[in-house]
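Working notes for the structure below.
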Amino acid sequence: MAHDSFKLDYVPALNGLRGVAILAVMLFHAEILFFNGGFVGVDVFFVLSGFLITSLLIQEYDCVGFVNLKHFYMRRVLRLGPALVFLLICFVVVSYLFANKEKAANNYVDALVSLLYFSNWARAFNFHPLDFLGHTWSLSIEEQFYILWPAVLLGLLRTIKNRWYILFFSVIVASASWVLRVYFTMTDVSVERLYNGLDTRADALMIGCALGVLISSRLLNQQTEIRLAKWLSYFSPFFMLCFLSALHFSEWQNRSMYYIGFVVIEFLAAVFILDVVIKKTSLIGKILATKGLIWVGSISYGLYLWHYPIYRTMLALGFNHLIVIWIGTLVTFIIAACSYYLLEKPILKFRRFFTCPIPCADLVRSRISMHSVQIGTVKT
């Protein structure tokens with residue numbers, strides 16, 4: 001089955017979706033009552049990440065006939081590494097200067113575990129639960145996904161011509177992850193293991209991957225897209241209401257989340273992505289494409305990296321909860337913006353050395369919004 005080179009234009013609403021997700025996570029960690037379920041923002045990011053990474057890889061493969069995995073991984077390092085290393089250096093220096101020896105030593109281990117992208121398993125098996133860097137569990141899951149999925153997808157693209165089979169494979173893997181999570185939940189496995197394991201949370205990433213295969217491989221004909229866009233326009237208000245309800249009513253320790261709750265969130269995230277991609281004038285797209293949300297989405301990686309340790313530090317120092325919310329959030333936005341404009345964007349210029357020189361591939365990469373969000377959440 002031949003595939004034309006599909007080009008996903010930059011969709012501002014996807015950055016807006018990032019903005020909504022990171023704000024939900026921040027409100028959750030700020031312990032604002034109405035947003036008890038703000039942790040579901042991480043699942044939105046997982047779905048979005050799976051979608052974007054898969055779309056990028058398929059578009060490169062269809063455009064130039066191969067995927068340079070070495071270049072792919074170098075682009076990921078340039079995108080994600082500098083901001084994380086900057087955070088960890090600051091964390092280690094502050095720990096050395098202000099923490100007692102025992103706490104400082106523990107913080108050094110936390111920093112090393114975070115740098116090695118092993119936080120999720122440290123939390124899942126409770127052999128070294130991270131404190132101020134506990135939020136890096138989702139970075140670890142994403143990084144492990146980046147290591148595994150591109151090679152698997154490239155192998156599938158080389159050996160399977162019918163993309164429907166690749167879509168089916170993605171759905172099967174997502175289903176397997178969900179079934180495993182349900183089984184573990186029924187057998188009273190700890191919530192920490194359920195929440196932090198790559199195997200028990202991979203369904204969100206793989207749902208995004210399946211959506212990426214569907215869209216980037218043009219598996220939907222124009223008539224089907226038109227009917228789907230019309231259907232989505234009718235149900236968009238209902239889906240938005242469901243998501244807002246989830247932000248309030250969800251509880252990460254409630255085992256019903258692991259049976260069906262996370263699956264519902266993943267479905268809603270996939271619907272939002274599909275809606276804004278195939279119907280640029282959708283109601284959801286118009287809401288998400290507001291300038292404020294787009295900007296928040298653009299600095300969302302830095303917001304995620306810094307908000308949790310800042311909130312936790314201020315709480316540990318005994319600051320009033322309202323001060324933590326307002327001042328901590330302001331400081332987080334300032335640091336995240338500086339990180340984005342002074343560190344992340346300048347370093348991203350070096351990605352051109354790891355980009356295929358063929359014009360078609362350059363066009364693909366220039367049009368897809370690949371901030372590769374790394375957002376996660378932990379209990380406070």
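Residue names in the structure tokens use chain letters A, B, ... in the order shown, residue numbers from 1 in each chain, and ligand numbers from 1 in the order shown.
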Open item on the list: Residues within 12 Å of A:Asn106, please, as a ChimeraX atom specification. Count only C-alpha atoms; anything in the same chain fewer than 5 positions from it doesn't count.
Closed with: /A:91-92,95-96,99-101,111-113,128-133
Return as a Markdown table the residues of stretch 34-71 of chain A lying at most 10 Å from stretch 214-228 of chain A, together with the closest atom-to-atom pair for each and the distance in Å to one decimal, counting only C-alpha atoms, with rows in chain order and ascending residue number.
```
| residue | atom | partner | partner_atom | distance |
| --- | --- | --- | --- | --- |
| A:Phe51 | CA | A:Ile215 | CA | 9.1 |
| A:Leu52 | CA | A:Ser216 | CA | 9.8 |
| A:Thr54 | CA | A:Ser216 | CA | 8.3 |
| A:Ser55 | CA | A:Ser216 | CA | 5.5 |
| A:Leu56 | CA | A:Ser216 | CA | 8.5 |
| A:Leu57 | CA | A:Ser216 | CA | 9.4 |
| A:Ile58 | CA | A:Ser216 | CA | 6.6 |
| A:Gln59 | CA | A:Ser216 | CA | 6.6 |
| A:Asp62 | CA | A:Ser217 | CA | 8.7 |
```
Using the selection just defined, write its residues with N, CA, C and O atoms as a PDB file, in the first residue's frame.
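Generated file (part.pdb):
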```pdb
ATOM      1  N   PHE A  51       0.804  10.702  19.947  1.00  0.00           N
ATOM      2  CA  PHE A  51       0.300  11.153  18.650  1.00  0.00           C
ATOM      3  C   PHE A  51       1.372  11.900  17.862  1.00  0.00           C
ATOM      4  O   PHE A  51       1.610  11.621  16.675  1.00  0.00           O
ATOM      5  N   LEU A  52       2.043  12.839  18.493  1.00  0.00           N
ATOM      6  CA  LEU A  52       3.010  13.675  17.790  1.00  0.00           C
ATOM      7  C   LEU A  52       4.264  12.890  17.387  1.00  0.00           C
ATOM      8  O   LEU A  52       4.760  13.038  16.266  1.00  0.00           O
ATOM      9  N   THR A  54       4.553   9.655  16.887  1.00  0.00           N
ATOM     10  CA  THR A  54       4.202   8.713  15.821  1.00  0.00           C
ATOM     11  C   THR A  54       3.996   9.436  14.499  1.00  0.00           C
ATOM     12  O   THR A  54       4.455   8.965  13.443  1.00  0.00           O
ATOM     13  N   SER A  55       3.332  10.573  14.533  1.00  0.00           N
ATOM     14  CA  SER A  55       3.119  11.350  13.309  1.00  0.00           C
ATOM     15  C   SER A  55       4.437  11.787  12.703  1.00  0.00           C
ATOM     16  O   SER A  55       4.645  11.693  11.488  1.00  0.00           O
ATOM     17  N   LEU A  56       5.367  12.254  13.538  1.00  0.00           N
ATOM     18  CA  LEU A  56       6.672  12.694  13.056  1.00  0.00           C
ATOM     19  C   LEU A  56       7.422  11.551  12.388  1.00  0.00           C
ATOM     20  O   LEU A  56       7.962  11.699  11.286  1.00  0.00           O
ATOM     21  N   LEU A  57       7.437  10.401  13.038  1.00  0.00           N
ATOM     22  CA  LEU A  57       8.182   9.262  12.507  1.00  0.00           C
ATOM     23  C   LEU A  57       7.574   8.753  11.201  1.00  0.00           C
ATOM     24  O   LEU A  57       8.297   8.452  10.242  1.00  0.00           O
ATOM     25  N   ILE A  58       6.261   8.665  11.143  1.00  0.00           N
ATOM     26  CA  ILE A  58       5.605   8.174   9.925  1.00  0.00           C
ATOM     27  C   ILE A  58       5.794   9.151   8.778  1.00  0.00           C
ATOM     28  O   ILE A  58       6.061   8.750   7.634  1.00  0.00           O
ATOM     29  N   GLN A  59       5.684  10.424   9.066  1.00  0.00           N
ATOM     30  CA  GLN A  59       5.852  11.417   8.007  1.00  0.00           C
ATOM     31  C   GLN A  59       7.277  11.400   7.461  1.00  0.00           C
ATOM     32  O   GLN A  59       7.490  11.529   6.255  1.00  0.00           O
ATOM     33  N   ASP A  62       7.573   8.181   5.303  1.00  0.00           N
ATOM     34  CA  ASP A  62       6.869   8.282   4.027  1.00  0.00           C
ATOM     35  C   ASP A  62       7.512   9.295   3.093  1.00  0.00           C
ATOM     36  O   ASP A  62       7.411   9.178   1.867  1.00  0.00           O
TER      37      ASP A  62
END
```
- [ ] Identify which of the residues A:Leu348, A:Val11, A:Val271, A:Ile310 lies closest to A:Leu80, counting only C-alpha atoms when measuring atom-to-atom distances.
- [x] A:Leu348
TODO: Considering only C-alpha atoms, return as a list of chain:residue names whatever protein or nucleic-acid residues lie within 8 Å of A:Gly16, sequence-local ones (same chain, fewer than 4 positions apart) excluded.
DONE: A:Pro12, A:Val20, A:Leu288, A:Ala289, A:Thr290, A:Leu293, A:Ile294, A:Trp295, A:Val296, A:Gly297
- [ ] Write out as an MDAnalysis selection string the residues lying within 12 Å of A:Leu241, counting only C-alpha atoms and excluding same-chain residues fewer than 6 positions away.
- [x] chainID A and resid 235 247:248 268 284
Since we have the selection now, will you write its residues out, keeping all heavy atoms, as a tab-separated table (two decimals), in the first residue's frame?
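Output saved as part-v9.tsv:
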```tsv
chain	number	residue	atom	x	y	z
A	235	PHE	N	-21.03	16.74	19.58
A	235	PHE	CA	-20.74	16.21	20.91
A	235	PHE	C	-19.63	16.94	21.65
A	235	PHE	O	-19.35	16.60	22.81
A	235	PHE	CB	-20.38	14.72	20.79
A	235	PHE	CG	-21.56	13.84	20.46
A	235	PHE	CD1	-21.85	13.50	19.15
A	235	PHE	CD2	-22.38	13.38	21.47
A	235	PHE	CE1	-22.93	12.70	18.84
A	235	PHE	CE2	-23.48	12.56	21.18
A	235	PHE	CZ	-23.76	12.23	19.86
A	247	LEU	N	-11.77	16.77	36.11
A	247	LEU	CA	-10.83	17.61	36.85
A	247	LEU	C	-11.26	17.81	38.30
A	247	LEU	O	-10.43	18.06	39.17
A	247	LEU	CB	-10.70	18.98	36.17
A	247	LEU	CG	-10.03	19.02	34.80
A	247	LEU	CD1	-9.99	20.45	34.28
A	247	LEU	CD2	-8.63	18.45	34.86
A	248	HIS	N	-12.55	17.70	38.55
A	248	HIS	CA	-13.06	17.90	39.90
A	248	HIS	C	-13.26	16.59	40.67
A	248	HIS	O	-12.89	16.48	41.84
A	248	HIS	CB	-14.39	18.66	39.85
A	248	HIS	CG	-15.02	18.85	41.19
A	248	HIS	ND1	-14.41	19.56	42.21
A	248	HIS	CD2	-16.20	18.41	41.70
A	248	HIS	CE1	-15.21	19.57	43.28
A	248	HIS	NE2	-16.28	18.86	42.99
A	268	LEU	N	-11.12	10.98	25.81
A	268	LEU	CA	-11.43	12.41	25.67
A	268	LEU	C	-10.25	13.15	25.03
A	268	LEU	O	-10.44	14.00	24.15
A	268	LEU	CB	-11.76	13.01	27.03
A	268	LEU	CG	-13.08	12.55	27.68
A	268	LEU	CD1	-13.21	13.12	29.08
A	268	LEU	CD2	-14.28	12.96	26.83
A	284	ILE	N	-13.89	23.30	20.13
A	284	ILE	CA	-12.75	23.00	21.00
A	284	ILE	C	-11.49	23.69	20.49
A	284	ILE	O	-10.72	24.26	21.27
A	284	ILE	CB	-12.53	21.47	21.07
A	284	ILE	CG1	-13.69	20.80	21.79
A	284	ILE	CG2	-11.21	21.14	21.77
A	284	ILE	CD1	-13.60	19.29	21.84
```
If we count only C-alpha atoms and set the cut-off at 12 Å, which residues sit around A:Val85, ignoring sequence neighbours fewer than 2 positions away in its own chain? Please answer as a PDB file with all heavy atoms, in the first residue's frame.
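Heads up, here's the output in selection-v1.pdb:
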```pdb
ATOM      1  N   VAL A  77      17.266  14.573  22.849  1.00  0.00           N
ATOM      2  CA  VAL A  77      18.216  15.022  23.870  1.00  0.00           C
ATOM      3  C   VAL A  77      18.304  16.535  23.887  1.00  0.00           C
ATOM      4  O   VAL A  77      18.269  17.169  24.952  1.00  0.00           O
ATOM      5  CB  VAL A  77      19.609  14.403  23.630  1.00  0.00           C
ATOM      6  CG1 VAL A  77      20.654  15.064  24.524  1.00  0.00           C
ATOM      7  CG2 VAL A  77      19.570  12.903  23.890  1.00  0.00           C
ATOM      8  N   LEU A  78      18.409  17.138  22.709  1.00  0.00           N
ATOM      9  CA  LEU A  78      18.506  18.597  22.631  1.00  0.00           C
ATOM     10  C   LEU A  78      17.235  19.273  23.113  1.00  0.00           C
ATOM     11  O   LEU A  78      17.284  20.366  23.692  1.00  0.00           O
ATOM     12  CB  LEU A  78      18.808  19.021  21.184  1.00  0.00           C
ATOM     13  CG  LEU A  78      20.202  18.674  20.661  1.00  0.00           C
ATOM     14  CD1 LEU A  78      20.301  19.003  19.172  1.00  0.00           C
ATOM     15  CD2 LEU A  78      21.276  19.438  21.439  1.00  0.00           C
ATOM     16  N   ARG A  79      16.097  18.633  22.882  1.00  0.00           N
ATOM     17  CA  ARG A  79      14.837  19.242  23.293  1.00  0.00           C
ATOM     18  C   ARG A  79      14.602  19.107  24.788  1.00  0.00           C
ATOM     19  O   ARG A  79      14.130  20.044  25.440  1.00  0.00           O
ATOM     20  CB  ARG A  79      13.661  18.592  22.523  1.00  0.00           C
ATOM     21  CG  ARG A  79      12.275  19.058  22.984  1.00  0.00           C
ATOM     22  CD  ARG A  79      12.077  20.547  22.713  1.00  0.00           C
ATOM     23  NE  ARG A  79      10.858  21.041  23.353  1.00  0.00           N
ATOM     24  CZ  ARG A  79      10.835  21.726  24.474  1.00  0.00           C
ATOM     25  NH1 ARG A  79      11.962  21.983  25.124  1.00  0.00           N
ATOM     26  NH2 ARG A  79       9.697  22.161  24.975  1.00  0.00           N
ATOM     27  N   LEU A  80      14.931  17.959  25.342  1.00  0.00           N
ATOM     28  CA  LEU A  80      14.515  17.662  26.712  1.00  0.00           C
ATOM     29  C   LEU A  80      15.649  17.754  27.734  1.00  0.00           C
ATOM     30  O   LEU A  80      15.395  18.049  28.900  1.00  0.00           O
ATOM     31  CB  LEU A  80      13.921  16.248  26.766  1.00  0.00           C
ATOM     32  CG  LEU A  80      12.773  15.988  25.788  1.00  0.00           C
ATOM     33  CD1 LEU A  80      12.373  14.528  25.817  1.00  0.00           C
ATOM     34  CD2 LEU A  80      11.601  16.887  26.088  1.00  0.00           C
ATOM     35  N   GLY A  81      16.880  17.500  27.308  1.00  0.00           N
ATOM     36  CA  GLY A  81      17.983  17.410  28.254  1.00  0.00           C
ATOM     37  C   GLY A  81      18.383  18.701  28.945  1.00  0.00           C
ATOM     38  O   GLY A  81      18.495  18.734  30.182  1.00  0.00           O
ATOM     39  N   PRO A  82      18.617  19.796  28.199  1.00  0.00           N
ATOM     40  CA  PRO A  82      19.161  20.998  28.834  1.00  0.00           C
ATOM     41  C   PRO A  82      18.309  21.538  29.977  1.00  0.00           C
ATOM     42  O   PRO A  82      18.854  21.879  31.046  1.00  0.00           O
ATOM     43  CB  PRO A  82      19.223  21.999  27.672  1.00  0.00           C
ATOM     44  CG  PRO A  82      19.382  21.138  26.456  1.00  0.00           C
ATOM     45  CD  PRO A  82      18.561  19.923  26.736  1.00  0.00           C
ATOM     46  N   ALA A  83      17.010  21.628  29.796  1.00  0.00           N
ATOM     47  CA  ALA A  83      16.156  22.175  30.845  1.00  0.00           C
ATOM     48  C   ALA A  83      16.156  21.287  32.082  1.00  0.00           C
ATOM     49  O   ALA A  83      16.164  21.777  33.219  1.00  0.00           O
ATOM     50  CB  ALA A  83      14.724  22.351  30.320  1.00  0.00           C
ATOM     51  N   LEU A  87      17.645  22.244  35.862  1.00  0.00           N
ATOM     52  CA  LEU A  87      16.878  22.068  37.091  1.00  0.00           C
ATOM     53  C   LEU A  87      17.664  21.247  38.103  1.00  0.00           C
ATOM     54  O   LEU A  87      17.758  21.628  39.284  1.00  0.00           O
ATOM     55  CB  LEU A  87      15.542  21.373  36.784  1.00  0.00           C
ATOM     56  CG  LEU A  87      14.779  20.844  38.008  1.00  0.00           C
ATOM     57  CD1 LEU A  87      14.204  21.996  38.828  1.00  0.00           C
ATOM     58  CD2 LEU A  87      13.680  19.879  37.601  1.00  0.00           C
ATOM     59  N   LEU A  88      18.245  20.134  37.670  1.00  0.00           N
ATOM     60  CA  LEU A  88      18.943  19.244  38.596  1.00  0.00           C
ATOM     61  C   LEU A  88      20.191  19.897  39.177  1.00  0.00           C
ATOM     62  O   LEU A  88      20.510  19.699  40.360  1.00  0.00           O
ATOM     63  CB  LEU A  88      19.309  17.940  37.888  1.00  0.00           C
ATOM     64  CG  LEU A  88      18.109  17.088  37.420  1.00  0.00           C
ATOM     65  CD1 LEU A  88      18.597  15.826  36.726  1.00  0.00           C
ATOM     66  CD2 LEU A  88      17.187  16.754  38.571  1.00  0.00           C
ATOM     67  N   ILE A  89      20.898  20.678  38.367  1.00  0.00           N
ATOM     68  CA  ILE A  89      22.069  21.399  38.886  1.00  0.00           C
ATOM     69  C   ILE A  89      21.641  22.379  39.974  1.00  0.00           C
ATOM     70  O   ILE A  89      22.260  22.446  41.058  1.00  0.00           O
ATOM     71  CB  ILE A  89      22.805  22.133  37.749  1.00  0.00           C
ATOM     72  CG1 ILE A  89      23.500  21.130  36.831  1.00  0.00           C
ATOM     73  CG2 ILE A  89      23.836  23.112  38.323  1.00  0.00           C
ATOM     74  CD1 ILE A  89      24.120  21.756  35.597  1.00  0.00           C
ATOM     75  N   CYS A  90      20.600  23.141  39.706  1.00  0.00           N
ATOM     76  CA  CYS A  90      20.089  24.086  40.710  1.00  0.00           C
ATOM     77  C   CYS A  90      19.659  23.351  41.972  1.00  0.00           C
ATOM     78  O   CYS A  90      19.924  23.800  43.101  1.00  0.00           O
ATOM     79  CB  CYS A  90      18.914  24.877  40.138  1.00  0.00           C
ATOM     80  SG  CYS A  90      19.354  26.021  38.813  1.00  0.00           S
ATOM     81  N   PHE A  91      19.007  22.226  41.785  1.00  0.00           N
ATOM     82  CA  PHE A  91      18.518  21.439  42.922  1.00  0.00           C
ATOM     83  C   PHE A  91      19.673  20.926  43.777  1.00  0.00           C
ATOM     84  O   PHE A  91      19.638  21.002  45.014  1.00  0.00           O
ATOM     85  CB  PHE A  91      17.679  20.271  42.398  1.00  0.00           C
ATOM     86  CG  PHE A  91      17.118  19.384  43.466  1.00  0.00           C
ATOM     87  CD1 PHE A  91      16.120  19.833  44.312  1.00  0.00           C
ATOM     88  CD2 PHE A  91      17.601  18.082  43.628  1.00  0.00           C
ATOM     89  CE1 PHE A  91      15.595  19.008  45.308  1.00  0.00           C
ATOM     90  CE2 PHE A  91      17.086  17.260  44.619  1.00  0.00           C
ATOM     91  CZ  PHE A  91      16.083  17.718  45.461  1.00  0.00           C
ATOM     92  N   VAL A  92      20.717  20.437  43.142  1.00  0.00           N
ATOM     93  CA  VAL A  92      21.873  19.919  43.869  1.00  0.00           C
ATOM     94  C   VAL A  92      22.602  21.049  44.601  1.00  0.00           C
ATOM     95  O   VAL A  92      23.006  20.902  45.770  1.00  0.00           O
ATOM     96  CB  VAL A  92      22.831  19.186  42.900  1.00  0.00           C
ATOM     97  CG1 VAL A  92      24.180  18.925  43.555  1.00  0.00           C
ATOM     98  CG2 VAL A  92      22.203  17.878  42.423  1.00  0.00           C
ATOM     99  N   ALA A 111      18.308  13.318  42.445  1.00  0.00           N
ATOM    100  CA  ALA A 111      18.735  13.966  41.205  1.00  0.00           C
ATOM    101  C   ALA A 111      19.305  12.946  40.224  1.00  0.00           C
ATOM    102  O   ALA A 111      19.023  12.999  39.017  1.00  0.00           O
ATOM    103  CB  ALA A 111      19.769  15.050  41.502  1.00  0.00           C
ATOM    104  N   LEU A 112      20.097  11.992  40.733  1.00  0.00           N
ATOM    105  CA  LEU A 112      20.685  10.975  39.868  1.00  0.00           C
ATOM    106  C   LEU A 112      19.601  10.065  39.287  1.00  0.00           C
ATOM    107  O   LEU A 112      19.627   9.747  38.084  1.00  0.00           O
ATOM    108  CB  LEU A 112      21.698  10.144  40.657  1.00  0.00           C
ATOM    109  CG  LEU A 112      22.378   9.013  39.877  1.00  0.00           C
ATOM    110  CD1 LEU A 112      23.167   9.572  38.691  1.00  0.00           C
ATOM    111  CD2 LEU A 112      23.297   8.201  40.802  1.00  0.00           C
ATOM    112  N   SER A 114      16.523  10.824  38.772  1.00  0.00           N
ATOM    113  CA  SER A 114      15.782  11.622  37.793  1.00  0.00           C
ATOM    114  C   SER A 114      16.563  11.745  36.495  1.00  0.00           C
ATOM    115  O   SER A 114      15.997  11.640  35.406  1.00  0.00           O
ATOM    116  CB  SER A 114      15.491  13.016  38.353  1.00  0.00           C
ATOM    117  OG  SER A 114      14.709  12.945  39.527  1.00  0.00           O
ATOM    118  N   LEU A 115      17.870  11.963  36.593  1.00  0.00           N
ATOM    119  CA  LEU A 115      18.711  12.109  35.408  1.00  0.00           C
ATOM    120  C   LEU A 115      18.743  10.815  34.593  1.00  0.00           C
ATOM    121  O   LEU A 115      18.802  10.854  33.357  1.00  0.00           O
ATOM    122  CB  LEU A 115      20.128  12.499  35.826  1.00  0.00           C
ATOM    123  CG  LEU A 115      21.133  12.756  34.702  1.00  0.00           C
ATOM    124  CD1 LEU A 115      20.704  13.947  33.848  1.00  0.00           C
ATOM    125  CD2 LEU A 115      22.525  12.988  35.272  1.00  0.00           C
ATOM    126  N   LEU A 116      18.673   9.689  35.269  1.00  0.00           N
ATOM    127  CA  LEU A 116      18.710   8.389  34.600  1.00  0.00           C
ATOM    128  C   LEU A 116      17.318   7.956  34.115  1.00  0.00           C
ATOM    129  O   LEU A 116      17.164   6.859  33.576  1.00  0.00           O
ATOM    130  CB  LEU A 116      19.288   7.323  35.535  1.00  0.00           C
ATOM    131  CG  LEU A 116      20.746   7.520  35.950  1.00  0.00           C
ATOM    132  CD1 LEU A 116      21.167   6.440  36.950  1.00  0.00           C
ATOM    133  CD2 LEU A 116      21.674   7.503  34.742  1.00  0.00           C
ATOM    134  N   TYR A 117      16.328   8.794  34.337  1.00  0.00           N
ATOM    135  CA  TYR A 117      14.943   8.502  33.943  1.00  0.00           C
ATOM    136  C   TYR A 117      14.469   7.171  34.530  1.00  0.00           C
ATOM    137  O   TYR A 117      13.905   6.325  33.839  1.00  0.00           O
ATOM    138  CB  TYR A 117      14.819   8.479  32.414  1.00  0.00           C
ATOM    139  CG  TYR A 117      15.026   9.835  31.781  1.00  0.00           C
ATOM    140  CD1 TYR A 117      16.221  10.139  31.127  1.00  0.00           C
ATOM    141  CD2 TYR A 117      14.036  10.808  31.837  1.00  0.00           C
ATOM    142  CE1 TYR A 117      16.422  11.379  30.550  1.00  0.00           C
ATOM    143  CE2 TYR A 117      14.224  12.055  31.267  1.00  0.00           C
ATOM    144  CZ  TYR A 117      15.423  12.339  30.621  1.00  0.00           C
ATOM    145  OH  TYR A 117      15.613  13.575  30.055  1.00  0.00           O
ATOM    146  N   GLY A 302       8.962  23.616  30.905  1.00  0.00           N
ATOM    147  CA  GLY A 302       9.589  24.311  32.028  1.00  0.00           C
ATOM    148  C   GLY A 302       8.640  24.470  33.206  1.00  0.00           C
ATOM    149  O   GLY A 302       9.047  24.355  34.366  1.00  0.00           O
ATOM    150  N   LEU A 305       8.640  21.165  35.000  1.00  0.00           N
ATOM    151  CA  LEU A 305       9.882  20.878  35.705  1.00  0.00           C
ATOM    152  C   LEU A 305       9.999  21.649  37.008  1.00  0.00           C
ATOM    153  O   LEU A 305      10.462  21.108  38.022  1.00  0.00           O
ATOM    154  CB  LEU A 305      11.078  21.218  34.808  1.00  0.00           C
ATOM    155  CG  LEU A 305      11.372  20.286  33.634  1.00  0.00           C
ATOM    156  CD1 LEU A 305      12.514  20.852  32.795  1.00  0.00           C
ATOM    157  CD2 LEU A 305      11.709  18.888  34.120  1.00  0.00           C
ATOM    158  N   TRP A 306       9.579  22.903  37.011  1.00  0.00           N
ATOM    159  CA  TRP A 306       9.857  23.781  38.141  1.00  0.00           C
ATOM    160  C   TRP A 306       8.724  23.908  39.151  1.00  0.00           C
ATOM    161  O   TRP A 306       8.992  24.203  40.328  1.00  0.00           O
ATOM    162  CB  TRP A 306      10.245  25.175  37.638  1.00  0.00           C
ATOM    163  CG  TRP A 306      11.620  25.201  37.055  1.00  0.00           C
ATOM    164  CD1 TRP A 306      11.975  25.033  35.751  1.00  0.00           C
ATOM    165  CD2 TRP A 306      12.847  25.372  37.779  1.00  0.00           C
ATOM    166  NE1 TRP A 306      13.339  25.095  35.598  1.00  0.00           N
ATOM    167  CE2 TRP A 306      13.899  25.308  36.823  1.00  0.00           C
ATOM    168  CE3 TRP A 306      13.164  25.580  39.116  1.00  0.00           C
ATOM    169  CZ2 TRP A 306      15.239  25.439  37.196  1.00  0.00           C
ATOM    170  CZ3 TRP A 306      14.493  25.707  39.480  1.00  0.00           C
ATOM    171  CH2 TRP A 306      15.517  25.640  38.518  1.00  0.00           C
ATOM    172  N   SER A 339      13.755  29.844  31.055  1.00  0.00           N
ATOM    173  CA  SER A 339      14.304  28.580  30.575  1.00  0.00           C
ATOM    174  C   SER A 339      13.986  28.378  29.098  1.00  0.00           C
ATOM    175  O   SER A 339      14.848  27.959  28.319  1.00  0.00           O
ATOM    176  CB  SER A 339      13.737  27.418  31.393  1.00  0.00           C
ATOM    177  OG  SER A 339      14.136  26.169  30.860  1.00  0.00           O
ATOM    178  N   LEU A 343      17.344  29.294  27.213  1.00  0.00           N
ATOM    179  CA  LEU A 343      18.056  28.028  27.211  1.00  0.00           C
ATOM    180  C   LEU A 343      17.526  27.066  26.149  1.00  0.00           C
ATOM    181  O   LEU A 343      18.271  26.622  25.263  1.00  0.00           O
ATOM    182  CB  LEU A 343      17.960  27.372  28.598  1.00  0.00           C
ATOM    183  CG  LEU A 343      18.610  25.993  28.751  1.00  0.00           C
ATOM    184  CD1 LEU A 343      20.123  26.094  28.544  1.00  0.00           C
ATOM    185  CD2 LEU A 343      18.290  25.404  30.123  1.00  0.00           C
ATOM    186  N   GLU A 344      16.246  26.758  26.224  1.00  0.00           N
ATOM    187  CA  GLU A 344      15.687  25.721  25.352  1.00  0.00           C
ATOM    188  C   GLU A 344      15.682  26.129  23.881  1.00  0.00           C
ATOM    189  O   GLU A 344      16.149  25.369  23.013  1.00  0.00           O
ATOM    190  CB  GLU A 344      14.276  25.360  25.815  1.00  0.00           C
ATOM    191  CG  GLU A 344      14.222  24.774  27.221  1.00  0.00           C
ATOM    192  CD  GLU A 344      12.813  24.688  27.764  1.00  0.00           C
ATOM    193  OE1 GLU A 344      11.942  24.108  27.075  1.00  0.00           O
ATOM    194  OE2 GLU A 344      12.558  25.212  28.867  1.00  0.00           O
TER     195      GLU A 344
END
```
- [ ] Could you tell me how far atom CA of A:His321 lies from atom CA of A:Phe39, in Å and to one decimal?
- [x] 19.1 Å
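One distance worth recording is that between atom CA of A:Asp110 and atom CA of A:Arg76, which is 22.2 Å.
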